[in-house]
file model_2.txt (compact mmCIF, C-alpha atoms)
# COMPACT_ATOMS: atom_id res chain seq x y z
CA MET W 1 24.57 150.50 46.78
CA ILE W 2 24.03 149.55 50.41
CA SER W 3 23.19 152.06 53.13
CA GLN W 4 25.82 154.79 53.40
CA ALA W 5 25.13 155.08 57.13
CA VAL W 6 25.81 151.36 57.61
CA LEU W 7 28.99 151.60 55.55
CA GLU W 8 30.26 154.39 57.79
CA LYS W 9 29.34 152.58 60.97
CA ASN W 10 30.96 149.38 59.74
CA ARG W 11 34.25 151.18 59.09
CA GLY W 12 34.33 152.07 62.78
CA SER W 13 33.07 148.66 63.87
CA SER W 14 33.30 147.21 67.36
CA MET W 15 36.73 147.46 68.97
CA ILE W 16 35.86 144.33 70.93
CA ARG W 17 35.42 142.30 67.77
CA GLN W 18 38.54 143.82 66.20
CA MET W 19 40.68 142.67 69.12
CA PHE W 20 39.04 139.24 69.12
CA GLU W 21 39.86 138.83 65.43
CA GLN W 22 43.42 140.01 66.03
CA GLY W 23 43.69 137.28 68.62
CA GLN W 24 42.80 134.64 66.06
CA VAL W 25 45.70 135.82 63.90
CA LEU W 26 48.14 135.82 66.82
CA ARG W 27 47.09 132.31 67.87
CA GLN W 28 47.85 131.03 64.38
CA GLN W 29 51.28 132.67 64.47
CA TYR W 30 52.40 131.91 68.04
CA GLY W 31 50.12 129.15 69.32
CA ALA W 32 47.14 129.42 71.63
CA ASP W 33 49.19 129.02 74.84
CA ASN W 34 51.25 132.10 73.96
CA VAL W 35 48.31 134.48 73.41
CA TYR W 36 46.44 136.00 76.35
CA ASP W 37 43.03 137.01 75.09
CA PHE W 38 40.99 139.18 77.46
CA SER W 39 39.00 140.87 74.71
CA LEU W 40 35.60 139.20 74.51
CA GLY W 41 33.02 138.70 77.27
CA ASN W 42 32.34 135.14 76.17
CA PRO W 43 31.55 132.93 79.20
CA ASP W 44 33.79 129.89 79.24
CA LEU W 45 32.19 127.95 82.10
CA PRO W 46 30.78 124.61 80.96
CA VAL W 47 27.02 124.40 80.62
CA SER W 48 25.60 122.57 83.62
CA ALA W 49 24.44 118.96 83.33
CA ARG W 50 21.03 120.02 84.61
CA LEU W 51 20.64 122.51 81.76
CA THR W 52 21.80 119.94 79.20
CA ASP W 53 19.27 117.41 80.47
CA ALA W 54 16.48 120.00 80.34
CA LEU W 55 17.45 121.00 76.82
CA ILE W 56 17.48 117.39 75.61
CA ALA W 57 14.07 116.79 77.18
CA SER W 58 12.73 119.90 75.45
CA ALA W 59 14.13 118.74 72.11
CA ARG W 60 12.42 115.38 72.50
CA GLU W 61 9.08 117.09 73.02
CA ALA W 62 9.49 118.59 69.54
CA ARG W 63 7.41 121.72 70.26
CA HIS W 64 8.80 124.07 67.63
CA GLY W 65 5.69 125.94 66.50
CA TYR W 66 4.63 129.52 66.93
CA MET W 67 3.27 130.71 70.23
CA ASN W 68 2.01 134.08 71.44
CA ASN W 69 4.59 136.65 70.34
CA ALA W 70 5.15 137.49 74.02
CA GLY W 71 6.15 133.89 74.78
CA TYR W 72 4.72 130.91 76.65
CA PRO W 73 2.20 132.09 79.30
CA GLU W 74 3.47 129.68 81.96
CA LEU W 75 7.07 130.95 81.67
CA ARG W 76 5.95 134.57 81.68
CA ALA W 77 3.91 133.88 84.83
CA LEU W 78 6.95 132.28 86.49
CA ILE W 79 9.12 135.31 85.71
CA ALA W 80 6.40 137.75 86.76
CA GLY W 81 6.25 136.04 90.14
CA ARG W 82 10.01 136.39 90.59
CA GLU W 83 10.01 140.07 89.67
CA GLN W 84 7.02 140.78 91.90
CA ARG W 85 8.66 139.10 94.91
CA ARG W 86 11.90 140.91 94.23
CA SER W 87 10.34 144.35 93.77
CA GLY W 88 7.18 144.34 95.87
CA ARG W 89 5.32 145.84 92.91
CA PRO W 90 2.44 144.24 90.96
CA VAL W 91 3.96 142.27 88.08
CA THR W 92 1.82 139.88 86.05
CA SER W 93 2.44 137.77 82.98
CA GLN W 94 0.97 140.58 80.85
CA GLY W 95 3.99 142.70 81.82
CA VAL W 96 6.54 140.07 80.74
CA VAL W 97 7.67 139.57 77.14
CA MET W 98 10.17 136.86 76.24
CA THR W 99 12.91 138.20 73.95
CA VAL W 100 15.89 137.28 71.82
CA GLY W 101 18.38 138.09 74.56
CA ALA W 102 18.91 141.39 76.36
CA ALA W 103 19.84 143.04 73.07
CA GLY W 104 16.47 142.09 71.63
CA ALA W 105 14.83 143.30 74.84
CA LEU W 106 16.50 146.72 74.68
CA ASN W 107 15.66 147.17 71.02
CA ILE W 108 11.96 146.44 71.48
CA ILE W 109 11.84 148.66 74.58
CA LEU W 110 13.39 151.63 72.79
CA LYS W 111 11.30 151.09 69.66
CA SER W 112 8.18 150.96 71.84
CA ILE W 113 8.78 154.19 73.74
CA CYS W 114 10.78 156.49 71.43
CA ASN W 115 9.75 159.14 68.95
CA PRO W 116 12.28 160.77 66.60
CA GLY W 117 14.29 163.34 68.53
CA ASP W 118 13.79 161.74 71.94
CA GLU W 119 16.87 161.47 74.15
CA ILE W 120 18.11 158.40 75.99
CA ILE W 121 20.58 158.98 78.83
CA ILE W 122 23.37 156.40 79.05
CA LEU W 123 25.85 156.29 81.92
CA LYS W 124 29.60 156.22 81.33
CA PRO W 125 31.21 153.82 80.97
CA TYR W 126 28.49 152.37 78.75
CA PHE W 127 28.11 149.25 76.65
CA SER W 128 29.03 150.52 73.19
CA GLU W 129 26.04 148.97 71.42
CA TYR W 130 23.69 151.31 73.32
CA LEU W 131 24.61 153.96 70.74
CA ARG W 132 23.37 151.71 67.93
CA TYR W 133 20.22 150.69 69.78
CA CYS W 134 19.27 154.33 70.28
CA GLU W 135 19.85 155.04 66.59
CA ASN W 136 17.67 152.06 65.68
CA SER W 137 14.76 153.71 67.47
CA GLY W 138 15.38 157.20 66.08
CA ALA W 139 16.52 158.51 69.46
CA GLN W 140 19.67 160.36 70.49
CA ALA W 141 22.01 158.85 73.09
CA VAL W 142 23.14 161.34 75.75
CA PRO W 143 26.21 160.09 77.67
CA VAL W 144 26.63 161.18 81.29
CA ASP W 145 30.07 161.47 82.91
CA CYS W 146 31.01 159.47 85.98
CA ASP W 147 33.46 159.77 88.84
CA PRO W 148 36.54 157.99 87.40
CA ALA W 149 37.39 156.54 90.82
CA SER W 150 34.01 154.98 91.66
CA PHE W 151 32.43 154.90 88.18
CA LEU W 152 29.24 156.27 89.72
CA PRO W 153 27.47 158.94 87.65
CA LEU W 154 28.12 162.52 88.66
CA THR W 155 24.85 163.85 90.07
CA SER W 156 25.46 167.26 88.53
CA ALA W 157 26.11 165.71 85.11
CA LEU W 158 22.98 163.57 85.32
CA GLU W 159 20.86 166.53 86.36
CA GLN W 160 22.27 168.64 83.53
CA ALA W 161 21.58 165.88 80.98
CA LEU W 162 17.87 165.74 81.81
CA SER W 163 15.76 167.76 79.39
CA PRO W 164 12.20 167.95 78.04
CA GLN W 165 13.35 165.49 75.35
CA THR W 166 14.54 162.87 77.86
CA LYS W 167 12.52 159.69 77.36
CA ALA W 168 14.57 157.16 79.32
CA ILE W 169 17.73 156.37 81.26
CA ILE W 170 19.57 153.08 80.66
CA ILE W 171 21.36 151.62 83.70
CA ASN W 172 23.58 148.58 83.06
CA ASN W 173 23.65 146.82 86.43
CA PRO W 174 26.23 145.33 87.02
CA ASN W 175 28.09 147.53 84.60
CA ASN W 176 29.97 146.37 81.53
CA PRO W 177 32.88 147.32 81.45
CA ALA W 178 33.57 148.64 84.96
CA GLY W 179 31.89 145.94 87.07
CA VAL W 180 30.34 148.53 89.38
CA VAL W 181 27.01 147.56 90.97
CA TYR W 182 24.64 150.52 91.23
CA SER W 183 23.24 150.50 94.74
CA ALA W 184 19.79 151.06 96.20
CA ALA W 185 21.07 154.44 97.44
CA PHE W 186 21.88 155.45 93.85
CA TYR W 187 18.42 154.36 92.73
CA GLU W 188 16.81 156.39 95.51
CA GLN W 189 18.87 159.45 94.59
CA THR W 190 17.98 159.13 90.92
CA ALA W 191 14.29 158.58 91.69
CA ALA W 192 14.25 161.77 93.77
CA LEU W 193 15.84 163.67 90.90
CA LEU W 194 13.24 162.40 88.43
CA GLU W 195 10.38 163.34 90.73
CA GLN W 196 11.30 166.99 90.21
CA LEU W 197 10.63 166.77 86.46
CA GLN W 198 7.40 167.74 84.75
CA GLN W 199 7.32 164.63 82.55
CA PRO W 200 7.60 160.88 83.15
CA VAL W 201 10.96 159.29 82.35
CA TYR W 202 11.38 155.54 81.91
CA VAL W 203 14.32 153.92 83.69
CA ILE W 204 15.63 150.79 81.98
CA SER W 205 17.81 148.27 83.81
CA ASP W 206 19.96 146.11 81.53
CA GLU W 207 20.78 143.09 83.73
CA PRO W 208 22.60 140.26 81.92
CA TYR W 209 25.21 140.13 84.72
CA ALA W 210 22.77 140.36 87.66
CA GLN W 211 23.67 136.85 88.89
CA ILE W 212 27.44 137.45 88.70
CA VAL W 213 28.20 139.44 91.85
CA TYR W 214 30.86 139.19 94.55
CA ASP W 215 31.55 139.68 98.25
CA GLY W 216 27.89 139.48 99.28
CA THR W 217 26.81 142.21 96.86
CA THR W 218 23.25 142.12 95.52
CA VAL W 219 21.71 143.94 92.59
CA PRO W 220 18.72 145.94 93.84
CA SER W 221 15.39 145.62 92.07
CA LEU W 222 14.95 148.56 89.72
CA LEU W 223 11.17 148.10 89.75
CA ARG W 224 11.13 148.63 93.52
CA TYR W 225 12.51 152.17 93.19
CA PHE W 226 11.00 153.36 89.90
CA SER W 227 7.31 153.14 89.06
CA ASN W 228 8.33 153.71 85.42
CA GLY W 229 11.01 151.03 85.56
CA ILE W 230 11.62 148.45 82.84
CA VAL W 231 13.87 145.40 83.28
CA ALA W 232 15.81 143.83 80.39
CA TYR W 233 17.29 140.47 81.36
CA SER W 234 19.27 137.72 79.66
CA TRP W 235 20.47 134.24 80.70
CA SER W 236 23.47 134.55 78.35
CA LYS W 237 26.08 135.09 81.05
CA SER W 238 24.65 133.24 84.05
CA LEU W 239 23.99 130.00 82.11
CA SER W 240 26.97 130.39 79.71
CA ILE W 241 24.73 130.42 76.62
CA PRO W 242 25.42 133.79 74.91
CA GLY W 243 24.99 132.24 71.48
CA GLU W 244 21.45 131.10 72.24
CA ARG W 245 19.85 134.56 72.74
CA ILE W 246 17.12 134.21 75.35
CA GLY W 247 15.90 136.93 77.71
CA TYR W 248 12.88 138.99 78.71
CA VAL W 249 11.38 142.41 79.38
CA ALA W 250 9.46 142.97 82.62
CA VAL W 251 7.37 145.98 83.69
CA SER W 252 5.00 146.48 86.61
CA GLU W 253 1.40 147.61 86.45
CA ASP W 254 2.54 150.89 88.02
CA CYS W 255 4.39 151.85 84.83
CA ALA W 256 3.16 154.86 82.82
CA ASP W 257 0.95 153.87 79.85
CA TYR W 258 1.13 150.28 81.07
CA GLU W 259 -1.48 148.76 78.75
CA ASP W 260 -0.14 150.56 75.68
CA LEU W 261 3.45 149.71 76.60
CA CYS W 262 2.71 145.99 76.97
CA GLN W 263 1.00 145.92 73.59
CA ALA W 264 3.81 147.92 72.00
CA LEU W 265 6.47 145.51 73.30
CA VAL W 266 4.67 142.54 71.77
CA PHE W 267 4.12 144.41 68.51
CA CYS W 268 7.79 145.42 68.28
CA ASN W 269 8.93 141.88 69.08
CA ARG W 270 7.06 140.82 65.98
CA SER W 271 7.60 143.81 63.69
CA LEU W 272 11.36 144.04 64.28
CA GLY W 273 11.62 140.48 63.03
CA PHE W 274 12.28 138.65 66.30
CA VAL W 275 8.72 137.18 66.08
CA ASN W 276 9.17 135.29 69.36
CA ALA W 277 11.96 134.11 71.61
CA PRO W 278 13.28 130.61 70.76
CA ALA W 279 10.66 128.03 71.73
CA ILE W 280 13.11 125.34 72.80
CA TRP W 281 14.88 127.68 75.24
CA GLN W 282 11.61 128.87 76.74
CA GLN W 283 10.70 125.23 77.38
CA THR W 284 14.16 124.57 78.84
CA LEU W 285 13.89 127.51 81.24
CA LEU W 286 10.55 126.23 82.47
CA LYS W 287 12.18 122.89 83.32
CA LEU W 288 15.10 124.62 85.09
CA GLY W 289 12.78 126.58 87.39
CA ASP W 290 14.82 128.40 90.04
CA PHE W 291 18.11 126.64 89.23
CA LYS W 292 21.19 128.84 89.73
CA PRO W 293 24.63 127.58 88.65
CA ASP W 294 27.78 128.05 90.73
CA LEU W 295 29.44 131.21 89.43
CA SER W 296 32.00 131.63 92.22
CA VAL W 297 34.84 130.80 89.84
CA TYR W 298 34.54 134.30 88.42
CA GLN W 299 35.35 135.81 91.81
CA ARG W 300 38.56 133.74 92.00
CA ARG W 301 39.55 134.94 88.56
CA ARG W 302 38.71 138.53 89.44
CA ASP W 303 40.93 138.36 92.50
CA LEU W 304 43.78 136.71 90.59
CA LEU W 305 43.84 139.24 87.74
CA TYR W 306 43.13 142.23 89.99
CA HIS W 307 46.04 141.41 92.31
CA LEU W 308 48.30 140.75 89.33
CA LEU W 309 47.65 144.18 87.83
CA THR W 310 47.57 146.20 91.03
CA GLY W 311 50.73 144.40 92.16
CA LEU W 312 52.39 145.82 89.05
CA GLY W 313 51.16 149.29 89.98
CA TRP W 314 48.13 149.57 87.68
CA ASP W 315 45.30 151.86 88.79
CA CYS W 316 42.32 149.51 88.82
CA TYR W 317 38.83 149.53 90.37
CA LYS W 318 37.86 146.27 92.08
CA PRO W 319 34.53 145.27 90.53
CA GLU W 320 31.54 144.06 92.53
CA GLY W 321 30.00 142.23 89.57
CA ALA W 322 30.18 141.10 85.92
CA PHE W 323 33.52 139.67 84.71
CA TYR W 324 35.58 142.65 83.58
CA LEU W 325 38.37 144.84 84.91
CA PHE W 326 38.54 148.41 83.64
CA PRO W 327 41.92 149.83 84.69
CA ARG W 328 43.54 153.03 83.53
CA SER W 329 45.84 152.43 80.58
CA LEU W 330 49.50 153.08 81.27
CA GLU W 331 49.49 155.93 78.76
CA PRO W 332 46.73 158.43 77.92
CA ASN W 333 46.20 156.96 74.44
CA ASP W 334 44.30 153.76 75.17
CA GLN W 335 44.42 152.61 71.54
CA ALA W 336 48.20 152.95 71.46
CA PHE W 337 48.37 151.09 74.76
CA ALA W 338 46.19 148.28 73.40
CA LYS W 339 48.56 148.04 70.43
CA ALA W 340 51.56 147.82 72.77
CA ALA W 341 49.77 145.10 74.75
CA ALA W 342 49.10 143.14 71.57
CA GLU W 343 52.84 143.19 70.85
CA GLU W 344 53.17 141.26 74.11
CA HIS W 345 50.34 138.97 72.92
CA ILE W 346 47.89 140.49 75.43
CA LEU W 347 44.52 141.36 73.94
CA LEU W 348 42.43 143.99 75.69
CA VAL W 349 39.88 146.56 74.51
CA PRO W 350 40.44 150.35 74.42
CA GLY W 351 38.17 152.24 76.79
CA ARG W 352 37.10 154.85 74.25
CA GLY W 353 34.64 152.31 72.85
CA PHE W 354 32.85 152.54 76.21
CA GLY W 355 32.96 156.32 76.30
CA MET W 356 36.07 156.52 78.52
CA PRO W 357 39.40 157.01 76.74
CA GLY W 358 42.41 156.34 78.92
CA HIS W 359 41.05 153.03 80.20
CA VAL W 360 41.11 149.47 78.87
CA ARG W 361 38.78 146.54 79.44
CA LEU W 362 39.93 143.03 80.27
CA ALA W 363 37.42 140.16 80.35
CA TYR W 364 38.42 137.51 82.89
CA CYS W 365 35.96 134.88 81.68
CA VAL W 366 39.03 132.84 80.77
CA ASP W 367 40.74 129.88 82.39
CA GLU W 368 42.85 130.75 85.43
CA ALA W 369 45.81 129.19 83.64
CA VAL W 370 45.60 131.92 81.00
CA ILE W 371 45.84 134.60 83.70
CA ARG W 372 48.84 132.88 85.28
CA ARG W 373 50.62 132.40 81.95
CA ALA W 374 50.06 136.08 81.16
CA GLU W 375 51.91 137.29 84.26
CA THR W 376 55.28 137.56 82.53
CA ALA W 377 53.77 139.34 79.52
CA PHE W 378 52.02 141.86 81.80
CA GLY W 379 55.34 142.41 83.53
CA ARG W 380 57.08 143.16 80.23
CA LEU W 381 54.26 145.49 79.15
CA THR W 382 54.40 147.38 82.45
CA ALA W 383 58.20 147.65 82.26
CA ARG W 384 57.89 149.48 78.94
CA TYR W 385 56.12 152.32 80.68
CA ARG W 386 57.92 152.23 84.01
CA ALA W 387 61.42 152.42 82.49
call {"tool": "encode", "arguments": {"input": "model_2.txt", "output": "structure tokens"}}
result
Amino acid sequence: MISQAVLEKNRGSSMIRQMFEQGQVLRQQYGADNVYDFSLGNPDLPVSARLTDALIASAREARHGYMNNAGYPELRALIAGREQRRSGRPVTSQGVVMTVGAAGALNIILKSICNPGDEIIILKPYFSEYLRYCENSGAQAVPVDCDPASFLPLTSALEQALSPQTKAIIINNPNNPAGVVYSAAFYEQTAALLEQLQQPVYVISDEPYAQIVYDGTTVPSLLRYFSNGIVAYSWSKSLSIPGERIGYVAVSEDCADYEDLCQALVFCNRSLGFVNAPAIWQQTLLKLGDFKPDLSVYQRRRDLLYHLLTGLGWDCYKPEGAFYLFPRSLEPNDQAFAKAAAEEHILLVPGRGFGMPGHVRLAYCVDEAVIRRAETAFGRLTARYRA
């Protein structure tokens, strides 16, 4: 018999994956051009020629052996320099651990800091896997409500959620699914709130979308505002390589229990079975240096889909980052609405999976032609509810 807990969790498995799999069935029945799949945040931009060249060069070097579990020292030093310049805090290679994506980063962070019974505050709407990551570390996730218009956490709710058991707060910046970018003012407000507590609280910034921002928006450095800040980063979205799983953890020397935390992160990287981040991708990142691909296409897609939906009367927040829209569903039951959308061959994800029933998520990391072809289907779906 396998784990009963895993059986139960599997029965209620990811709504995102369920919709993606439903899309595969619909494409077989009706053809790919007649299915409008906005379910999965899978970057579709082509990998840059510069990245491909760097990857080929790394493969030719044939360096596939073990290294320090924290990763190659020269890459860690490069990242430490970036984070130090960005934050103004002391960050050295000791405080950087290369990881198997942001998911690997979050899991080793939580395993490093949590004792059974600790509480981790997560901000609605939250990435659904945060619940699993907290469970993996023996901690309890504590969701905090947000203002449904701005998607910013309610200060009163955040203050009420803090307790003697609070070990950390996870901030997904930019946010998946809402696309909100948490500002420096929010960080300052949260830092002031934490200063009133009698115990240190870690603040974790999950930043896989940090390079995908619009209209001159920037993602503030978490380390600048929180001495007990921890950054979890991934290149999955910015370089269009989500299947390759490469990221890092970064902390500054100002962080509580710094020496012990750095050692714990390396230990957990090994003991959780990650061992080390993929060698070939660490070498590739070193060759890329400060290369940043052109991600402006996502803003064009955001504008196209946002104007399509709001033009039909949908209530939708205009995101400052990431590549998702998170509008209100046209009926209170977001699952029923997602089912109605699927009948029009539109695949979207119910908001309850992100802690906010009554909303749906649409990923616009799809070709603009898909958005344009979907216009008639969105019109039919809207007409069902407007009649």
call {"tool": "residues_near_point", "arguments": {"input": "model_2.txt", "point": "(16.8, 142.7, 93.3)", "cutoff": "9 Å", "atoms": "only C-alpha atoms", "output": "list in words"}}
result
Glu83, Arg86, Ser87, Ala210, Thr218, Val219, Pro220, Ser221, Leu222, Leu223 and Arg224 of chain W
call {"tool": "write_last_selection", "arguments": {"input": "model_2.txt", "atoms": "C-alpha atoms", "output": "short mmCIF file (atom, residue, chain, number, x, y, z; two decimals), in the frame of the given file"}}
result
data_model
loop_
_atom_site.label_atom_id
_atom_site.label_comp_id
_atom_site.auth_asym_id
_atom_site.auth_seq_id
_atom_site.Cartn_x
_atom_site.Cartn_y
_atom_site.Cartn_z
CA GLU W 83 10.01 140.07 89.67
CA ARG W 86 11.90 140.91 94.23
CA SER W 87 10.34 144.35 93.77
CA ALA W 210 22.77 140.36 87.66
CA THR W 218 23.25 142.12 95.52
CA VAL W 219 21.71 143.94 92.59
CA PRO W 220 18.72 145.94 93.84
CA SER W 221 15.39 145.62 92.07
CA LEU W 222 14.95 148.56 89.72
CA LEU W 223 11.17 148.10 89.75
CA ARG W 224 11.13 148.63 93.52
#
call {"tool": "residues_around", "arguments": {"input": "model_2.txt", "residues": "Pro177 in chain W", "least_positions_apart": "2", "cutoff": "9 Å", "atoms": "all atoms listed in the file", "output": "PyMOL selection string"}}
result
chain W and resi 125-127+174-175+179-180+322-326+351+354+360-363
call {"tool": "residues_around", "arguments": {"input": "model_2.txt", "residues": "Thr376 in chain W", "least_positions_apart": "2", "cutoff": "12 Å", "atoms": "only C-alpha atoms", "output": "ChimeraX atom specification"}}
result
/W:34-36,308-309,312,344-346,370-374,378-383
call {"tool": "atom_distance", "arguments": {"input": "model_2.txt", "atom1": "CA of Asp260 in chain W", "atom2": "CA of Ala232 in chain W"}}
result
17.9 Å
call {"tool": "atom_distance", "arguments": {"input": "model_2.txt", "atom1": "CA of Lys111 in chain W", "atom2": "CA of Pro200 in chain W"}}
result
17.1 Å
call {"tool": "closest_residue", "arguments": {"input": "model_2.txt", "among": "W:Arg384, W:Arg300, W:Arg270, W:Lys287", "to": "Ser58 in chain W", "atoms": "only C-alpha atoms"}}
result
W:Lys287
call {"tool": "closest_atom_pairs", "arguments": {"input": "model_2.txt", "of": "range 226-254 of chain W", "to": "range 201-209 of chain W", "cutoff": "9 Å", "atoms": "all atoms listed in the file", "output": "JSON lines"}}
result
{"residue": "W:Phe226", "atom": "CA", "partner": "W:Val203", "partner_atom": "CA", "distance": 7.1}
{"residue": "W:Ser227", "atom": "CA", "partner": "W:Tyr202", "partner_atom": "CA", "distance": 8.6}
{"residue": "W:Asn228", "atom": "CA", "partner": "W:Tyr202", "partner_atom": "CA", "distance": 5.0}
{"residue": "W:Gly229", "atom": "CA", "partner": "W:Val203", "partner_atom": "CA", "distance": 4.8}
{"residue": "W:Ile230", "atom": "CA", "partner": "W:Ile204", "partner_atom": "CA", "distance": 4.7}
{"residue": "W:Val231", "atom": "CA", "partner": "W:Ser205", "partner_atom": "CA", "distance": 4.9}
{"residue": "W:Ala232", "atom": "CA", "partner": "W:Asp206", "partner_atom": "CA", "distance": 4.9}
{"residue": "W:Tyr233", "atom": "CA", "partner": "W:Glu207", "partner_atom": "CA", "distance": 5.0}
{"residue": "W:Ser234", "atom": "CA", "partner": "W:Pro208", "partner_atom": "CA", "distance": 4.8}
{"residue": "W:Trp235", "atom": "CA", "partner": "W:Pro208", "partner_atom": "CA", "distance": 6.5}
{"residue": "W:Ser236", "atom": "CA", "partner": "W:Pro208", "partner_atom": "CA", "distance": 6.8}
{"residue": "W:Lys237", "atom": "CA", "partner": "W:Pro208", "partner_atom": "CA", "distance": 6.3}
{"residue": "W:Ser238", "atom": "CA", "partner": "W:Tyr209", "partner_atom": "CA", "distance": 6.9}
{"residue": "W:Gly247", "atom": "CA", "partner": "W:Pro208", "partner_atom": "CA", "distance": 8.6}
call {"tool": "residues_near_point", "arguments": {"input": "model_2.txt", "point": "(16.7, 128.3, 81.5)", "cutoff": "9 Å", "atoms": "all atoms listed in the file", "output": "ChimeraX atom specification"}}
result
/W:51,54-55,235,239,246,281-291
call {"tool": "write_last_selection", "arguments": {"input": "model_2.txt", "atoms": "C-alpha atoms", "output": "mmCIF file, in the frame of the given file"}}
result
data_model
loop_
_atom_site.group_PDB
_atom_site.id
_atom_site.type_symbol
_atom_site.label_atom_id
_atom_site.label_comp_id
_atom_site.auth_asym_id
_atom_site.auth_seq_id
_atom_site.Cartn_x
_atom_site.Cartn_y
_atom_site.Cartn_z
ATOM 1 C CA LEU W 51 20.640 122.510 81.760
ATOM 2 C CA ALA W 54 16.480 120.000 80.340
ATOM 3 C CA LEU W 55 17.450 121.000 76.820
ATOM 4 C CA TRP W 235 20.470 134.240 80.700
ATOM 5 C CA LEU W 239 23.990 130.000 82.110
ATOM 6 C CA ILE W 246 17.120 134.210 75.350
ATOM 7 C CA TRP W 281 14.880 127.680 75.240
ATOM 8 C CA GLN W 282 11.610 128.870 76.740
ATOM 9 C CA GLN W 283 10.700 125.230 77.380
ATOM 10 C CA THR W 284 14.160 124.570 78.840
ATOM 11 C CA LEU W 285 13.890 127.510 81.240
ATOM 12 C CA LEU W 286 10.550 126.230 82.470
ATOM 13 C CA LYS W 287 12.180 122.890 83.320
ATOM 14 C CA LEU W 288 15.100 124.620 85.090
ATOM 15 C CA GLY W 289 12.780 126.580 87.390
ATOM 16 C CA ASP W 290 14.820 128.400 90.040
ATOM 17 C CA PHE W 291 18.110 126.640 89.230
#
call {"tool": "atom_distance", "arguments": {"input": "model_2.txt", "atom1": "CA of Glu119 in chain W", "atom2": "CA of Asn136 in chain W"}}
result
12.7 Å
call {"tool": "residues_around", "arguments": {"input": "model_2.txt", "residues": "Leu158 in chain W", "least_positions_apart": "2", "cutoff": "12 Å", "atoms": "only C-alpha atoms", "output": "list in words"}}
result
Ile120, Ile121, Ile122, Leu123, Lys124, Val142, Pro143, Val144, Asp145, Cys146, Asp147, Leu152, Pro153, Leu154, Thr155, Ser156, Gln160, Ala161, Leu162, Ser163, Thr166, Ile169, Ile170, Phe186, Gln189, Thr190, Ala191, Leu193 and Leu194 of chain W
call {"tool": "write_last_selection", "arguments": {"input": "model_2.txt", "atoms": "C-alpha atoms", "output": "compact mmCIF listing (two decimals), in the coordinates of the input"}}
result
# COMPACT_ATOMS: atom_id res chain seq x y z
CA ILE W 120 18.11 158.40 75.99
CA ILE W 121 20.58 158.98 78.83
CA ILE W 122 23.37 156.40 79.05
CA LEU W 123 25.85 156.29 81.92
CA LYS W 124 29.60 156.22 81.33
CA VAL W 142 23.14 161.34 75.75
CA PRO W 143 26.21 160.09 77.67
CA VAL W 144 26.63 161.18 81.29
CA ASP W 145 30.07 161.47 82.91
CA CYS W 146 31.01 159.47 85.98
CA ASP W 147 33.46 159.77 88.84
CA LEU W 152 29.24 156.27 89.72
CA PRO W 153 27.47 158.94 87.65
CA LEU W 154 28.12 162.52 88.66
CA THR W 155 24.85 163.85 90.07
CA SER W 156 25.46 167.26 88.53
CA GLN W 160 22.27 168.64 83.53
CA ALA W 161 21.58 165.88 80.98
CA LEU W 162 17.87 165.74 81.81
CA SER W 163 15.76 167.76 79.39
CA THR W 166 14.54 162.87 77.86
CA ILE W 169 17.73 156.37 81.26
CA ILE W 170 19.57 153.08 80.66
CA PHE W 186 21.88 155.45 93.85
CA GLN W 189 18.87 159.45 94.59
CA THR W 190 17.98 159.13 90.92
CA ALA W 191 14.29 158.58 91.69
CA LEU W 193 15.84 163.67 90.90
CA LEU W 194 13.24 162.40 88.43
call {"tool": "residues_around", "arguments": {"input": "model_2.txt", "residues": "Val91 in chain W", "least_positions_apart": "3", "cutoff": "12 Å", "atoms": "only C-alpha atoms", "output": "PyMOL selection string"}}
result
chain W and resi 76-88+94-97+223-224+227+229-231+249-255+258+262
call {"tool": "closest_residue", "arguments": {"input": "model_2.txt", "among": "W:Ala387, W:Gly355, W:Gln28, W:Gln199", "to": "Tyr130 in chain W", "atoms": "only C-alpha atoms"}}
result
W:Gly355
call {"tool": "closest_residue", "arguments": {"input": "model_2.txt", "among": "W:Pro46, W:Pro90, W:Gly101, W:Gly321", "to": "Asn269 in chain W", "atoms": "only C-alpha atoms"}}
result
W:Gly101
call {"tool": "residues_around", "arguments": {"input": "model_2.txt", "residues": "Cys316 in chain W", "least_positions_apart": "6", "cutoff": "10 Å", "atoms": "only C-alpha atoms", "output": "PDB file with C-alpha atoms, in the coordinates of the input"}}
result
ATOM      1  CA  ALA W 149      37.390 156.540  90.820  1.00  0.00           C
ATOM      2  CA  ALA W 178      33.570 148.640  84.960  1.00  0.00           C
ATOM      3  CA  TYR W 306      43.130 142.230  89.990  1.00  0.00           C
ATOM      4  CA  HIS W 307      46.040 141.410  92.310  1.00  0.00           C
ATOM      5  CA  LEU W 309      47.650 144.180  87.830  1.00  0.00           C
ATOM      6  CA  THR W 310      47.570 146.200  91.030  1.00  0.00           C
ATOM      7  CA  LEU W 325      38.370 144.840  84.910  1.00  0.00           C
ATOM      8  CA  PHE W 326      38.540 148.410  83.640  1.00  0.00           C
ATOM      9  CA  PRO W 327      41.920 149.830  84.690  1.00  0.00           C
ATOM     10  CA  ARG W 328      43.540 153.030  83.530  1.00  0.00           C
ATOM     11  CA  SER W 329      45.840 152.430  80.580  1.00  0.00           C
ATOM     12  CA  HIS W 359      41.050 153.030  80.200  1.00  0.00           C
TER      13      HIS W 359
END
